[in-house]
Amino acid sequence: MSWVQVALSVIKRIFEVNVIEKINRQVVMNERSTDQTDIERLHSLKRLTTAVYLCQVLAFAFAGLPLLVGVAINFMKQDKVRGTFLESHFDWQIKTAWIALAGFALSGLTFELGIGIFILIATVVLMVYRVVIGWNALASDRPVKE
């Protein structure tokens, strides 16, 4: 093997190593970019989850309308939180809305019988409990445990 062939072989090897290193750096950068995108997406969904908890709190002041807005948001964005800890929050919020709607309806139907007020109080207490538990879990970045 002549010195020219050896030199060409070394240059070729260096070029291959440089190309491989460049590709590896691009892969790492893409992974970081993907990680950053995932973090931003999760942060955005966490803000949305917080807004739904706020809607549930505002339902007391605005006759339940924000509760319906919040549950509509949950249903529209449910696919985006699949596989994250926020999925448990969305399920918790949807169940809270259904419990509240059923409790309010039942208390309205039984109000004349005298037990409607007790059902209403129980519904409000349960709703406050579920919002507090959910919001605290969200603030700690953990899923809600049923």
# chains A, B, ... in the order shown; residues from 1 in each chain; ligands from 1
>>> residues_around(residues="range 126-143 of chain A", least_positions_apart="6", cutoff="7 Å", atoms="only C-alpha atoms", output="NGL selection string")
:A and (53 or 85-86 or 88-89 or 96 or 100)
>>> residues_around(residues="range 56-63 of chain A", least_positions_apart="4", cutoff="12 Å", atoms="only C-alpha atoms", output="PyMOL selection string")
chain A and resi 49-52+67-74+92-101+104+120+123-125+127-132+134-135
>>> write_last_selection(atoms="C-alpha atoms", output="PDB file, in the first residue's frame")
ATOM      1  CA  THR A  49     -56.500  22.114  33.050  1.00  0.00           C
ATOM      2  CA  THR A  50     -56.107  24.943  35.562  1.00  0.00           C
ATOM      3  CA  ALA A  51     -58.595  27.022  33.559  1.00  0.00           C
ATOM      4  CA  VAL A  52     -61.126  24.182  33.726  1.00  0.00           C
ATOM      5  CA  LEU A  67     -69.082  24.273  34.489  1.00  0.00           C
ATOM      6  CA  LEU A  68     -70.506  23.445  31.057  1.00  0.00           C
ATOM      7  CA  VAL A  69     -67.771  25.444  29.329  1.00  0.00           C
ATOM      8  CA  GLY A  70     -65.134  23.570  31.333  1.00  0.00           C
ATOM      9  CA  VAL A  71     -66.517  20.133  30.538  1.00  0.00           C
ATOM     10  CA  ALA A  72     -66.760  21.080  26.856  1.00  0.00           C
ATOM     11  CA  ILE A  73     -63.062  21.987  26.930  1.00  0.00           C
ATOM     12  CA  ASN A  74     -62.331  18.637  28.576  1.00  0.00           C
ATOM     13  CA  TRP A  92     -61.714  13.828  37.363  1.00  0.00           C
ATOM     14  CA  GLN A  93     -63.081  17.113  35.990  1.00  0.00           C
ATOM     15  CA  ILE A  94     -65.576  15.368  33.707  1.00  0.00           C
ATOM     16  CA  LYS A  95     -66.833  13.211  36.588  1.00  0.00           C
ATOM     17  CA  THR A  96     -67.060  16.297  38.796  1.00  0.00           C
ATOM     18  CA  ALA A  97     -69.200  18.047  36.191  1.00  0.00           C
ATOM     19  CA  TRP A  98     -71.539  15.063  35.798  1.00  0.00           C
ATOM     20  CA  ILE A  99     -71.868  14.670  39.583  1.00  0.00           C
ATOM     21  CA  ALA A 100     -72.604  18.392  39.939  1.00  0.00           C
ATOM     22  CA  LEU A 101     -75.174  18.405  37.136  1.00  0.00           C
ATOM     23  CA  PHE A 104     -78.220  20.093  40.978  1.00  0.00           C
ATOM     24  CA  LEU A 120     -77.890  20.740  47.098  1.00  0.00           C
ATOM     25  CA  THR A 123     -73.557  18.420  45.968  1.00  0.00           C
ATOM     26  CA  VAL A 124     -71.817  21.723  46.664  1.00  0.00           C
ATOM     27  CA  VAL A 125     -69.619  20.178  49.368  1.00  0.00           C
ATOM     28  CA  MET A 127     -67.941  19.640  44.226  1.00  0.00           C
ATOM     29  CA  VAL A 128     -65.724  21.856  46.406  1.00  0.00           C
ATOM     30  CA  TYR A 129     -63.926  18.749  47.692  1.00  0.00           C
ATOM     31  CA  ARG A 130     -63.277  17.445  44.173  1.00  0.00           C
ATOM     32  CA  VAL A 131     -62.018  20.815  42.904  1.00  0.00           C
ATOM     33  CA  VAL A 132     -59.672  21.246  45.889  1.00  0.00           C
ATOM     34  CA  GLY A 134     -57.811  18.017  41.846  1.00  0.00           C
ATOM     35  CA  TRP A 135     -56.268  21.475  41.913  1.00  0.00           C
TER      36      TRP A 135
END
>>> closest_residue(among="A:Arg41, A:Asp91, A:Phe118, A:Gln78", to="Leu106 in chain A", atoms="only C-alpha atoms")
A:Phe118
